[in-house]
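> Input structure: model19.cif, which contains mmCIF, N, CA and C atoms.
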```
data_work
#
loop_
_atom_site.group_PDB
_atom_site.id
_atom_site.type_symbol
_atom_site.label_atom_id
_atom_site.label_comp_id
_atom_site.auth_asym_id
_atom_site.auth_seq_id
_atom_site.Cartn_x
_atom_site.Cartn_y
_atom_site.Cartn_z
ATOM 1 N N MET L 1 -13.505 -7.533 24.032
ATOM 2 C CA MET L 1 -13.362 -8.899 23.559
ATOM 3 C C MET L 1 -12.227 -8.932 22.526
ATOM 4 N N PRO L 2 -11.273 -9.825 22.695
ATOM 5 C CA PRO L 2 -10.168 -9.896 21.735
ATOM 6 C C PRO L 2 -10.654 -10.360 20.365
ATOM 7 N N ARG L 3 -10.022 -9.803 19.337
ATOM 8 C CA ARG L 3 -10.392 -10.166 17.969
ATOM 9 C C ARG L 3 -9.388 -11.159 17.407
ATOM 10 N N LEU L 4 -9.896 -12.042 16.566
ATOM 11 C CA LEU L 4 -9.041 -12.999 15.878
ATOM 12 C C LEU L 4 -8.303 -12.290 14.755
ATOM 13 N N THR L 5 -7.117 -12.786 14.415
ATOM 14 C CA THR L 5 -6.442 -12.223 13.249
ATOM 15 C C THR L 5 -7.221 -12.634 11.999
ATOM 16 N N ALA L 6 -7.052 -11.854 10.961
ATOM 17 C CA ALA L 6 -7.741 -12.156 9.702
ATOM 18 C C ALA L 6 -7.334 -13.536 9.198
ATOM 19 N N ARG L 7 -6.057 -13.845 9.272
ATOM 20 C CA ARG L 7 -5.564 -15.138 8.778
ATOM 21 C C ARG L 7 -6.205 -16.296 9.536
ATOM 22 N N PHE L 8 -6.314 -16.175 10.842
ATOM 23 C CA PHE L 8 -6.910 -17.224 11.659
ATOM 24 C C PHE L 8 -8.375 -17.425 11.263
ATOM 25 N N TRP L 9 -9.118 -16.306 11.109
ATOM 26 C CA TRP L 9 -10.519 -16.396 10.732
ATOM 27 C C TRP L 9 -10.664 -17.051 9.359
ATOM 28 N N VAL L 10 -9.859 -16.630 8.387
ATOM 29 C CA VAL L 10 -9.931 -17.196 7.036
ATOM 30 C C VAL L 10 -9.656 -18.696 7.066
ATOM 31 N N ASP L 11 -8.624 -19.104 7.777
ATOM 32 C CA ASP L 11 -8.304 -20.533 7.864
ATOM 33 C C ASP L 11 -9.449 -21.325 8.491
ATOM 34 N N ALA L 12 -10.047 -20.781 9.547
ATOM 35 C CA ALA L 12 -11.166 -21.466 10.208
ATOM 36 C C ALA L 12 -12.383 -21.537 9.277
ATOM 37 N N TYR L 13 -12.643 -20.460 8.555
ATOM 38 C CA TYR L 13 -13.783 -20.426 7.631
ATOM 39 C C TYR L 13 -13.596 -21.442 6.504
ATOM 40 N N LEU L 14 -12.413 -21.481 5.924
ATOM 41 C CA LEU L 14 -12.145 -22.440 4.849
ATOM 42 C C LEU L 14 -12.276 -23.877 5.347
ATOM 43 N N THR L 15 -11.846 -24.128 6.569
ATOM 44 C CA THR L 15 -11.985 -25.468 7.153
ATOM 45 C C THR L 15 -13.452 -25.828 7.328
ATOM 46 N N ARG L 16 -14.240 -24.889 7.830
ATOM 47 C CA ARG L 16 -15.667 -25.163 8.024
ATOM 48 C C ARG L 16 -16.348 -25.446 6.685
ATOM 49 N N LEU L 17 -16.018 -24.676 5.660
ATOM 50 C CA LEU L 17 -16.587 -24.924 4.334
ATOM 51 C C LEU L 17 -16.174 -26.304 3.813
ATOM 52 N N ARG L 18 -14.909 -26.641 3.996
ATOM 53 C CA ARG L 18 -14.399 -27.933 3.532
ATOM 54 C C ARG L 18 -15.145 -29.078 4.217
ATOM 55 N N LEU L 19 -15.456 -28.931 5.500
ATOM 56 C CA LEU L 19 -16.191 -29.968 6.231
ATOM 57 C C LEU L 19 -17.604 -30.170 5.684
ATOM 58 N N HIS L 20 -18.143 -29.163 5.005
ATOM 59 C CA HIS L 20 -19.465 -29.251 4.375
ATOM 60 C C HIS L 20 -19.350 -29.523 2.875
ATOM 61 N N ASP L 21 -18.146 -29.851 2.413
ATOM 62 C CA ASP L 21 -17.899 -30.118 0.981
ATOM 63 C C ASP L 21 -18.314 -28.956 0.086
ATOM 64 N N ILE L 22 -18.016 -27.739 0.547
ATOM 65 C CA ILE L 22 -18.289 -26.531 -0.231
ATOM 66 C C ILE L 22 -16.941 -25.978 -0.700
ATOM 67 N N PRO L 23 -16.698 -25.956 -2.008
ATOM 68 C CA PRO L 23 -15.420 -25.447 -2.511
ATOM 69 C C PRO L 23 -15.261 -23.954 -2.227
ATOM 70 N N ALA L 24 -14.062 -23.575 -1.808
ATOM 71 C CA ALA L 24 -13.749 -22.171 -1.544
ATOM 72 C C ALA L 24 -12.263 -21.946 -1.769
ATOM 73 N N PHE L 25 -11.939 -20.722 -2.193
ATOM 74 C CA PHE L 25 -10.565 -20.385 -2.548
ATOM 75 C C PHE L 25 -10.233 -18.985 -2.071
ATOM 76 N N VAL L 26 -8.983 -18.770 -1.705
ATOM 77 C CA VAL L 26 -8.499 -17.432 -1.408
ATOM 78 C C VAL L 26 -8.133 -16.797 -2.744
ATOM 79 N N VAL L 27 -8.876 -15.774 -3.135
ATOM 80 C CA VAL L 27 -8.654 -15.086 -4.396
ATOM 81 C C VAL L 27 -7.660 -13.943 -4.200
ATOM 82 N N ALA L 28 -7.720 -13.304 -3.034
ATOM 83 C CA ALA L 28 -6.786 -12.234 -2.705
ATOM 84 C C ALA L 28 -6.366 -12.396 -1.250
ATOM 85 N N HIS L 29 -5.065 -12.492 -1.026
ATOM 86 C CA HIS L 29 -4.508 -12.662 0.312
ATOM 87 C C HIS L 29 -4.223 -11.285 0.887
ATOM 88 N N GLY L 30 -4.996 -10.912 1.893
ATOM 89 C CA GLY L 30 -4.834 -9.615 2.523
ATOM 90 C C GLY L 30 -3.834 -9.658 3.662
ATOM 91 N N ASP L 31 -3.881 -8.632 4.486
ATOM 92 C CA ASP L 31 -3.004 -8.543 5.645
ATOM 93 C C ASP L 31 -3.359 -9.643 6.642
ATOM 94 N N ASP L 32 -2.356 -10.388 7.090
ATOM 95 C CA ASP L 32 -2.597 -11.515 7.986
ATOM 96 C C ASP L 32 -3.198 -11.105 9.327
ATOM 97 N N THR L 33 -2.856 -9.928 9.789
ATOM 98 C CA THR L 33 -3.298 -9.519 11.116
ATOM 99 C C THR L 33 -4.631 -8.795 11.105
ATOM 100 N N GLY L 34 -4.725 -7.723 10.322
ATOM 101 C CA GLY L 34 -5.900 -6.885 10.437
ATOM 102 C C GLY L 34 -6.674 -6.660 9.161
ATOM 103 N N GLY L 35 -6.412 -7.427 8.132
ATOM 104 C CA GLY L 35 -7.127 -7.213 6.872
ATOM 105 C C GLY L 35 -8.601 -7.544 6.980
ATOM 106 N N ALA L 36 -9.414 -6.739 6.315
ATOM 107 C CA ALA L 36 -10.847 -7.031 6.233
ATOM 108 C C ALA L 36 -11.052 -8.184 5.247
ATOM 109 N N VAL L 37 -12.233 -8.803 5.303
ATOM 110 C CA VAL L 37 -12.523 -9.963 4.468
ATOM 111 C C VAL L 37 -13.813 -9.735 3.691
ATOM 112 N N LEU L 38 -13.764 -10.009 2.396
ATOM 113 C CA LEU L 38 -14.959 -10.079 1.561
ATOM 114 C C LEU L 38 -15.160 -11.537 1.182
ATOM 115 N N VAL L 39 -16.405 -11.974 1.134
ATOM 116 C CA VAL L 39 -16.731 -13.334 0.707
ATOM 117 C C VAL L 39 -17.634 -13.234 -0.509
ATOM 118 N N LYS L 40 -17.155 -13.786 -1.619
ATOM 119 C CA LYS L 40 -17.946 -13.818 -2.855
ATOM 120 C C LYS L 40 -18.530 -15.215 -2.998
ATOM 121 N N LEU L 41 -19.840 -15.287 -3.119
ATOM 122 C CA LEU L 41 -20.533 -16.551 -3.341
ATOM 123 C C LEU L 41 -20.902 -16.637 -4.810
ATOM 124 N N SER L 42 -20.257 -17.529 -5.523
ATOM 125 C CA SER L 42 -20.577 -17.768 -6.927
ATOM 126 C C SER L 42 -21.586 -18.904 -6.991
ATOM 127 N N MET L 43 -22.715 -18.620 -7.660
ATOM 128 C CA MET L 43 -23.768 -19.621 -7.771
ATOM 129 C C MET L 43 -23.534 -20.574 -8.951
ATOM 130 N N LEU L 44 -22.446 -20.351 -9.694
ATOM 131 C CA LEU L 44 -22.056 -21.188 -10.832
ATOM 132 C C LEU L 44 -23.086 -21.150 -11.963
ATOM 133 N N ASP L 45 -23.863 -20.075 -12.009
ATOM 134 C CA ASP L 45 -24.831 -19.885 -13.096
ATOM 135 C C ASP L 45 -24.678 -18.494 -13.718
ATOM 136 N N GLY L 46 -23.539 -17.844 -13.435
ATOM 137 C CA GLY L 46 -23.300 -16.502 -13.943
ATOM 138 C C GLY L 46 -23.678 -15.399 -12.971
ATOM 139 N N THR L 47 -24.208 -15.783 -11.795
ATOM 140 C CA THR L 47 -24.559 -14.784 -10.781
ATOM 141 C C THR L 47 -23.723 -15.001 -9.528
ATOM 142 N N ALA L 48 -23.646 -13.948 -8.719
ATOM 143 C CA ALA L 48 -22.858 -14.022 -7.491
ATOM 144 C C ALA L 48 -23.397 -13.022 -6.479
ATOM 145 N N VAL L 49 -22.999 -13.223 -5.233
ATOM 146 C CA VAL L 49 -23.322 -12.314 -4.136
ATOM 147 C C VAL L 49 -22.018 -12.034 -3.405
ATOM 148 N N LEU L 50 -21.796 -10.770 -3.057
ATOM 149 C CA LEU L 50 -20.592 -10.380 -2.324
ATOM 150 C C LEU L 50 -21.001 -9.931 -0.933
ATOM 151 N N PHE L 51 -20.365 -10.511 0.079
ATOM 152 C CA PHE L 51 -20.662 -10.196 1.475
ATOM 153 C C PHE L 51 -19.491 -9.479 2.121
ATOM 154 N N GLN L 52 -19.818 -8.537 3.004
ATOM 155 C CA GLN L 52 -18.799 -7.908 3.837
ATOM 156 C C GLN L 52 -19.295 -7.911 5.277
ATOM 157 N N ARG L 53 -18.355 -7.932 6.190
ATOM 158 C CA ARG L 53 -18.722 -7.912 7.603
ATOM 159 C C ARG L 53 -18.980 -6.467 8.008
ATOM 160 N N SER L 54 -20.068 -6.265 8.732
ATOM 161 C CA SER L 54 -20.485 -4.933 9.121
ATOM 162 C C SER L 54 -20.759 -4.905 10.620
ATOM 163 N N PHE L 55 -20.621 -3.735 11.196
ATOM 164 C CA PHE L 55 -20.891 -3.544 12.614
ATOM 165 C C PHE L 55 -22.269 -2.916 12.752
ATOM 166 N N ASP L 56 -23.162 -3.566 13.464
ATOM 167 C CA ASP L 56 -24.514 -3.070 13.689
ATOM 168 C C ASP L 56 -24.496 -2.138 14.899
ATOM 169 N N LEU L 57 -24.681 -0.845 14.663
ATOM 170 C CA LEU L 57 -24.627 0.141 15.742
ATOM 171 C C LEU L 57 -25.754 -0.027 16.750
ATOM 172 N N MET L 58 -26.877 -0.576 16.317
ATOM 173 C CA MET L 58 -28.023 -0.750 17.216
ATOM 174 C C MET L 58 -27.793 -1.860 18.239
ATOM 175 N N THR L 59 -27.170 -2.941 17.799
ATOM 176 C CA THR L 59 -26.999 -4.093 18.693
ATOM 177 C C THR L 59 -25.568 -4.255 19.193
ATOM 178 N N GLY L 60 -24.621 -3.612 18.517
ATOM 179 C CA GLY L 60 -23.221 -3.789 18.886
ATOM 180 C C GLY L 60 -22.624 -5.073 18.341
ATOM 181 N N GLU L 61 -23.375 -5.776 17.532
ATOM 182 C CA GLU L 61 -22.921 -7.052 16.968
ATOM 183 C C GLU L 61 -22.320 -6.847 15.582
ATOM 184 N N ARG L 62 -21.440 -7.763 15.222
ATOM 185 C CA ARG L 62 -20.946 -7.792 13.853
ATOM 186 C C ARG L 62 -21.755 -8.833 13.096
ATOM 187 N N ARG L 63 -22.065 -8.506 11.824
ATOM 188 C CA ARG L 63 -22.824 -9.441 10.999
ATOM 189 C C ARG L 63 -22.403 -9.259 9.550
ATOM 190 N N TRP L 64 -22.766 -10.234 8.728
ATOM 191 C CA TRP L 64 -22.442 -10.198 7.307
ATOM 192 C C TRP L 64 -23.606 -9.591 6.540
ATOM 193 N N VAL L 65 -23.307 -8.645 5.654
ATOM 194 C CA VAL L 65 -24.324 -7.991 4.836
ATOM 195 C C VAL L 65 -23.917 -8.100 3.370
ATOM 196 N N GLU L 66 -24.930 -8.038 2.486
ATOM 197 C CA GLU L 66 -24.662 -8.069 1.050
ATOM 198 C C GLU L 66 -24.102 -6.726 0.601
ATOM 199 N N LEU L 67 -22.962 -6.778 -0.056
ATOM 200 C CA LEU L 67 -22.358 -5.580 -0.626
ATOM 201 C C LEU L 67 -22.755 -5.436 -2.089
ATOM 202 N N ALA L 68 -22.897 -6.555 -2.781
ATOM 203 C CA ALA L 68 -23.287 -6.556 -4.193
ATOM 204 C C ALA L 68 -23.947 -7.886 -4.518
ATOM 205 N N LYS L 69 -24.841 -7.842 -5.527
ATOM 206 C CA LYS L 69 -25.529 -9.068 -5.945
ATOM 207 C C LYS L 69 -25.933 -8.892 -7.396
ATOM 208 N N GLY L 70 -25.786 -9.955 -8.179
ATOM 209 C CA GLY L 70 -26.199 -9.887 -9.573
ATOM 210 C C GLY L 70 -25.274 -10.654 -10.474
ATOM 211 N N PRO L 71 -25.118 -10.185 -11.723
ATOM 212 C CA PRO L 71 -24.209 -10.868 -12.648
ATOM 213 C C PRO L 71 -22.796 -10.930 -12.060
ATOM 214 N N GLU L 72 -22.166 -12.073 -12.241
ATOM 215 C CA GLU L 72 -20.850 -12.269 -11.628
ATOM 216 C C GLU L 72 -19.836 -11.229 -12.084
ATOM 217 N N THR L 73 -19.922 -10.780 -13.332
ATOM 218 C CA THR L 73 -18.982 -9.759 -13.813
ATOM 219 C C THR L 73 -19.159 -8.451 -13.043
ATOM 220 N N ASP L 74 -20.395 -8.100 -12.706
ATOM 221 C CA ASP L 74 -20.637 -6.884 -11.918
ATOM 222 C C ASP L 74 -20.100 -7.035 -10.497
ATOM 223 N N VAL L 75 -20.294 -8.206 -9.912
ATOM 224 C CA VAL L 75 -19.789 -8.462 -8.559
ATOM 225 C C VAL L 75 -18.262 -8.428 -8.570
ATOM 226 N N ASP L 76 -17.646 -9.004 -9.603
ATOM 227 C CA ASP L 76 -16.184 -8.961 -9.718
ATOM 228 C C ASP L 76 -15.682 -7.522 -9.832
ATOM 229 N N ALA L 77 -16.425 -6.677 -10.534
ATOM 230 C CA ALA L 77 -16.039 -5.264 -10.650
ATOM 231 C C ALA L 77 -16.083 -4.583 -9.279
ATOM 232 N N THR L 78 -17.058 -4.941 -8.461
ATOM 233 C CA THR L 78 -17.137 -4.398 -7.101
ATOM 234 C C THR L 78 -15.932 -4.850 -6.284
ATOM 235 N N VAL L 79 -15.556 -6.109 -6.411
ATOM 236 C CA VAL L 79 -14.374 -6.610 -5.705
ATOM 237 C C VAL L 79 -13.135 -5.829 -6.133
ATOM 238 N N THR L 80 -12.982 -5.606 -7.420
ATOM 239 C CA THR L 80 -11.823 -4.866 -7.935
ATOM 240 C C THR L 80 -11.790 -3.452 -7.359
ATOM 241 N N ARG L 81 -12.944 -2.788 -7.308
ATOM 242 C CA ARG L 81 -12.994 -1.445 -6.722
ATOM 243 C C ARG L 81 -12.617 -1.473 -5.247
ATOM 244 N N GLN L 82 -13.146 -2.436 -4.510
ATOM 245 C CA GLN L 82 -12.850 -2.528 -3.085
ATOM 246 C C GLN L 82 -11.363 -2.792 -2.842
ATOM 247 N N ARG L 83 -10.770 -3.643 -3.676
ATOM 248 C CA ARG L 83 -9.320 -3.919 -3.556
ATOM 249 C C ARG L 83 -8.513 -2.670 -3.875
ATOM 250 N N GLY L 84 -9.026 -1.805 -4.751
ATOM 251 C CA GLY L 84 -8.345 -0.551 -5.051
ATOM 252 C C GLY L 84 -8.327 0.386 -3.846
ATOM 253 N N PHE L 85 -9.411 0.356 -3.046
ATOM 254 C CA PHE L 85 -9.483 1.174 -1.833
ATOM 255 C C PHE L 85 -8.651 0.585 -0.708
ATOM 256 N N ASP L 86 -8.585 -0.744 -0.646
ATOM 257 C CA ASP L 86 -7.960 -1.431 0.490
ATOM 258 C C ASP L 86 -7.104 -2.603 0.007
ATOM 259 N N PRO L 87 -5.811 -2.384 -0.208
ATOM 260 C CA PRO L 87 -4.952 -3.467 -0.690
ATOM 261 C C PRO L 87 -4.723 -4.582 0.346
ATOM 262 N N ASP L 88 -5.108 -4.342 1.604
ATOM 263 C CA ASP L 88 -4.955 -5.364 2.651
ATOM 264 C C ASP L 88 -6.163 -6.286 2.742
ATOM 265 N N LEU L 89 -7.087 -6.139 1.822
ATOM 266 C CA LEU L 89 -8.350 -6.869 1.825
ATOM 267 C C LEU L 89 -8.178 -8.325 1.388
ATOM 268 N N TRP L 90 -8.796 -9.219 2.146
ATOM 269 C CA TRP L 90 -8.888 -10.628 1.761
ATOM 270 C C TRP L 90 -10.140 -10.802 0.910
ATOM 271 N N VAL L 91 -10.060 -11.676 -0.098
ATOM 272 C CA VAL L 91 -11.244 -12.045 -0.871
ATOM 273 C C VAL L 91 -11.297 -13.567 -0.929
ATOM 274 N N ILE L 92 -12.390 -14.116 -0.423
ATOM 275 C CA ILE L 92 -12.621 -15.557 -0.440
ATOM 276 C C ILE L 92 -13.739 -15.815 -1.442
ATOM 277 N N GLU L 93 -13.533 -16.753 -2.360
ATOM 278 C CA GLU L 93 -14.588 -17.124 -3.298
ATOM 279 C C GLU L 93 -15.123 -18.493 -2.927
ATOM 280 N N VAL L 94 -16.432 -18.547 -2.720
ATOM 281 C CA VAL L 94 -17.153 -19.779 -2.396
ATOM 282 C C VAL L 94 -17.971 -20.140 -3.625
ATOM 283 N N GLU L 95 -17.931 -21.405 -4.013
ATOM 284 C CA GLU L 95 -18.686 -21.857 -5.180
ATOM 285 C C GLU L 95 -19.713 -22.900 -4.741
ATOM 286 N N ASP L 96 -20.987 -22.526 -4.880
ATOM 287 C CA ASP L 96 -22.021 -23.467 -4.465
ATOM 288 C C ASP L 96 -23.333 -23.152 -5.172
ATOM 289 N N ARG L 97 -23.820 -24.097 -5.949
ATOM 290 C CA ARG L 97 -25.082 -23.919 -6.685
ATOM 291 C C ARG L 97 -26.271 -23.754 -5.746
ATOM 292 N N GLN L 98 -26.175 -24.299 -4.529
ATOM 293 C CA GLN L 98 -27.274 -24.211 -3.567
ATOM 294 C C GLN L 98 -27.252 -22.894 -2.787
ATOM 295 N N GLY L 99 -26.211 -22.095 -2.960
ATOM 296 C CA GLY L 99 -26.126 -20.809 -2.281
ATOM 297 C C GLY L 99 -25.646 -20.878 -0.848
ATOM 298 N N ARG L 100 -24.994 -21.978 -0.496
ATOM 299 C CA ARG L 100 -24.499 -22.115 0.878
ATOM 300 C C ARG L 100 -23.191 -21.333 1.038
ATOM 301 N N HIS L 101 -23.111 -20.546 2.100
ATOM 302 C CA HIS L 101 -21.897 -19.807 2.408
ATOM 303 C C HIS L 101 -21.508 -19.935 3.882
ATOM 304 N N LEU L 102 -22.432 -20.366 4.720
ATOM 305 C CA LEU L 102 -22.251 -20.625 6.139
ATOM 306 C C LEU L 102 -21.972 -19.381 6.969
ATOM 307 N N LEU L 103 -22.020 -18.198 6.396
ATOM 308 C CA LEU L 103 -21.708 -16.979 7.145
ATOM 309 C C LEU L 103 -22.727 -16.695 8.237
ATOM 310 N N ASP L 104 -23.896 -17.302 8.148
ATOM 311 C CA ASP L 104 -24.914 -17.102 9.175
ATOM 312 C C ASP L 104 -24.765 -18.074 10.338
ATOM 313 N N GLU L 105 -23.759 -18.938 10.290
ATOM 314 C CA GLU L 105 -23.543 -19.884 11.389
ATOM 315 C C GLU L 105 -22.822 -19.213 12.549
ATOM 316 N N GLU L 106 -23.045 -19.743 13.745
ATOM 317 C CA GLU L 106 -22.441 -19.209 14.950
ATOM 318 C C GLU L 106 -20.913 -19.210 14.844
ATOM 319 N N GLY L 107 -20.311 -18.131 15.292
ATOM 320 C CA GLY L 107 -18.855 -18.043 15.332
ATOM 321 C C GLY L 107 -18.227 -17.445 14.094
ATOM 322 N N LEU L 108 -18.999 -17.148 13.066
ATOM 323 C CA LEU L 108 -18.410 -16.616 11.846
ATOM 324 C C LEU L 108 -18.612 -15.115 11.662
ATOM 325 N N ALA L 109 -19.400 -14.500 12.522
ATOM 326 C CA ALA L 109 -19.599 -13.052 12.404
ATOM 327 C C ALA L 109 -18.414 -12.363 13.019
#
```
In structure tokens, what does this structure look like?


Amino acid sequence: MPRLTARFWVDAYLTRLRLHDIPAFVVAHGDDTGGAVLVKLSMLDGTAVLFQRSFDLMTGERRWVELAKGPETDVDATVTRQRGFDPDLWVIEVEDRQGRHLLDEEGLA
């Protein structure tokens, strides 16, 4: 199955969030073609959750899993470490008090 470029996926994700009136921003612009993507969900109360896309070996499916959760400063430190390992990494920040990120919707895995 052909894969979408990272840039195409990011643009589609930001559009979907915008259609639900969920603010989101590109915090780090990774490689347009093959960069991995992290999604940070800021709850606007000092806490955050960081998601990364993972490959499930049991099902063969890709899905989003929590990489970090807790105080936003700790989650930001995780993002900084990940960017140190992978400079081609995209980081999208979603801000929503209700915790909506839409990553569980069809077509976003």

> Applied to this file, what does the PyMOL selection byres (((chain L and resi 13-15 and name CA) around 10) and name CA) return in terms of residues, put as a ChimeraX atom specification?

/L:7-12,16-26,92,94,101-103,107-108

> Just how far from CA of Lys40 (chain L) is CA of Gln52 (chain L), in Å to one decimal?

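Going from CA of Gln52 (chain L) over to CA of Lys40 (chain L), I get 9.0 Å.
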
> For the atom pair CA of Met43 (chain L) and CA of Thr73 (chain L), what is the interatomic distance in Å to one decimal place?

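According to the coordinates, CA of Met43 (chain L) and CA of Thr73 (chain L) are separated by 12.5 Å.
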
> From the list L:Leu4, L:Val65, L:Asp56, L:Asp76, which residue is nearest Glu93 (chain L) when using only C-alpha atoms?

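Looking only at the distances to Glu93 (chain L), the closest residue turns out to be L:Asp76.
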
> Quick one: which residues end up in the PyMOL selection byres ((chain L and resi 47) around 7) for this structure, as an mmCIF file with N, CA and C atoms, in the coordinates of the input?


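Okay, this is what ended up in result.cif:
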```cif
data_model
loop_
_atom_site.group_PDB
_atom_site.id
_atom_site.type_symbol
_atom_site.label_atom_id
_atom_site.label_comp_id
_atom_site.auth_asym_id
_atom_site.auth_seq_id
_atom_site.Cartn_x
_atom_site.Cartn_y
_atom_site.Cartn_z
ATOM 1 N N LEU L 41 -19.840 -15.287 -3.119
ATOM 2 C CA LEU L 41 -20.533 -16.551 -3.341
ATOM 3 C C LEU L 41 -20.902 -16.637 -4.810
ATOM 4 N N SER L 42 -20.257 -17.529 -5.523
ATOM 5 C CA SER L 42 -20.577 -17.768 -6.927
ATOM 6 C C SER L 42 -21.586 -18.904 -6.991
ATOM 7 N N MET L 43 -22.715 -18.620 -7.660
ATOM 8 C CA MET L 43 -23.768 -19.621 -7.771
ATOM 9 C C MET L 43 -23.534 -20.574 -8.951
ATOM 10 N N LEU L 44 -22.446 -20.351 -9.694
ATOM 11 C CA LEU L 44 -22.056 -21.188 -10.832
ATOM 12 C C LEU L 44 -23.086 -21.150 -11.963
ATOM 13 N N ASP L 45 -23.863 -20.075 -12.009
ATOM 14 C CA ASP L 45 -24.831 -19.885 -13.096
ATOM 15 C C ASP L 45 -24.678 -18.494 -13.718
ATOM 16 N N GLY L 46 -23.539 -17.844 -13.435
ATOM 17 C CA GLY L 46 -23.300 -16.502 -13.943
ATOM 18 C C GLY L 46 -23.678 -15.399 -12.971
ATOM 19 N N ALA L 48 -23.646 -13.948 -8.719
ATOM 20 C CA ALA L 48 -22.858 -14.022 -7.491
ATOM 21 C C ALA L 48 -23.397 -13.022 -6.479
ATOM 22 N N VAL L 49 -22.999 -13.223 -5.233
ATOM 23 C CA VAL L 49 -23.322 -12.314 -4.136
ATOM 24 C C VAL L 49 -22.018 -12.034 -3.405
ATOM 25 N N LYS L 69 -24.841 -7.842 -5.527
ATOM 26 C CA LYS L 69 -25.529 -9.068 -5.945
ATOM 27 C C LYS L 69 -25.933 -8.892 -7.396
ATOM 28 N N GLY L 70 -25.786 -9.955 -8.179
ATOM 29 C CA GLY L 70 -26.199 -9.887 -9.573
ATOM 30 C C GLY L 70 -25.274 -10.654 -10.474
ATOM 31 N N PRO L 71 -25.118 -10.185 -11.723
ATOM 32 C CA PRO L 71 -24.209 -10.868 -12.648
ATOM 33 C C PRO L 71 -22.796 -10.930 -12.060
ATOM 34 N N GLU L 72 -22.166 -12.073 -12.241
ATOM 35 C CA GLU L 72 -20.850 -12.269 -11.628
ATOM 36 C C GLU L 72 -19.836 -11.229 -12.084
ATOM 37 N N THR L 73 -19.922 -10.780 -13.332
ATOM 38 C CA THR L 73 -18.982 -9.759 -13.813
ATOM 39 C C THR L 73 -19.159 -8.451 -13.043
#
```

> Determine which residues of chain L receive a DSSP assignment of alpha helix (DSSP H), computed from the backbone, and state them as a PyMOL selection string.

chain L and resi 6-19+72-85

> Pick out the closest residue to Thr78 (chain L) from this set: L:Ala36, L:Leu50, L:Met58, L:Ala6. Count only C-alpha atoms.

L:Leu50

> What separation in Å, quoted to one decimal, exists between CA of Asp74 (chain L) and CA of Ser54 (chain L)?

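Atom-to-atom, CA of Asp74 (chain L) and CA of Ser54 (chain L) are spaced 21.1 Å apart.
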
> Measuring between only N, CA and C atoms, which one of L:Arg83, L:Trp90, L:Leu57, L:Arg100 shows the shortest distance to Val39 (chain L)?

L:Trp90

> Mind checking DSSP for chain L and telling me the strand (DSSP E) residues as a PyMOL selection string?

chain L and resi 24-28+37-42+47-55+62-71+90-95

> So for region 68-73 of chain L, what box centre and size do we get, axis-aligned, 5 Å extra on each of the six sides, every listed atom, Å to one decimal, as AutoDock Vina command-line options?


```
--center_x -22.6 --center_y -9.4 --center_z -8.3 --size_x 17.2 --size_y 15.7 --size_z 21.0
```

> Smallest atom-to-atom distance to Arg62 (chain L): which of L:Ala109, L:Val91, L:Ala28, L:Arg81, using only N, CA and C atoms?

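That would be L:Ala109, the residue with the smallest distance to Arg62 (chain L).
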
> Please write the residues picked by the PyMOL selection byres ((chain L and resi 35) around 6) on this file as a list in words.

Ala6, Gly30, Asp31, Asp32, Thr33, Gly34, Ala36, Val37, Asp88, Leu89 and Trp90 of chain L
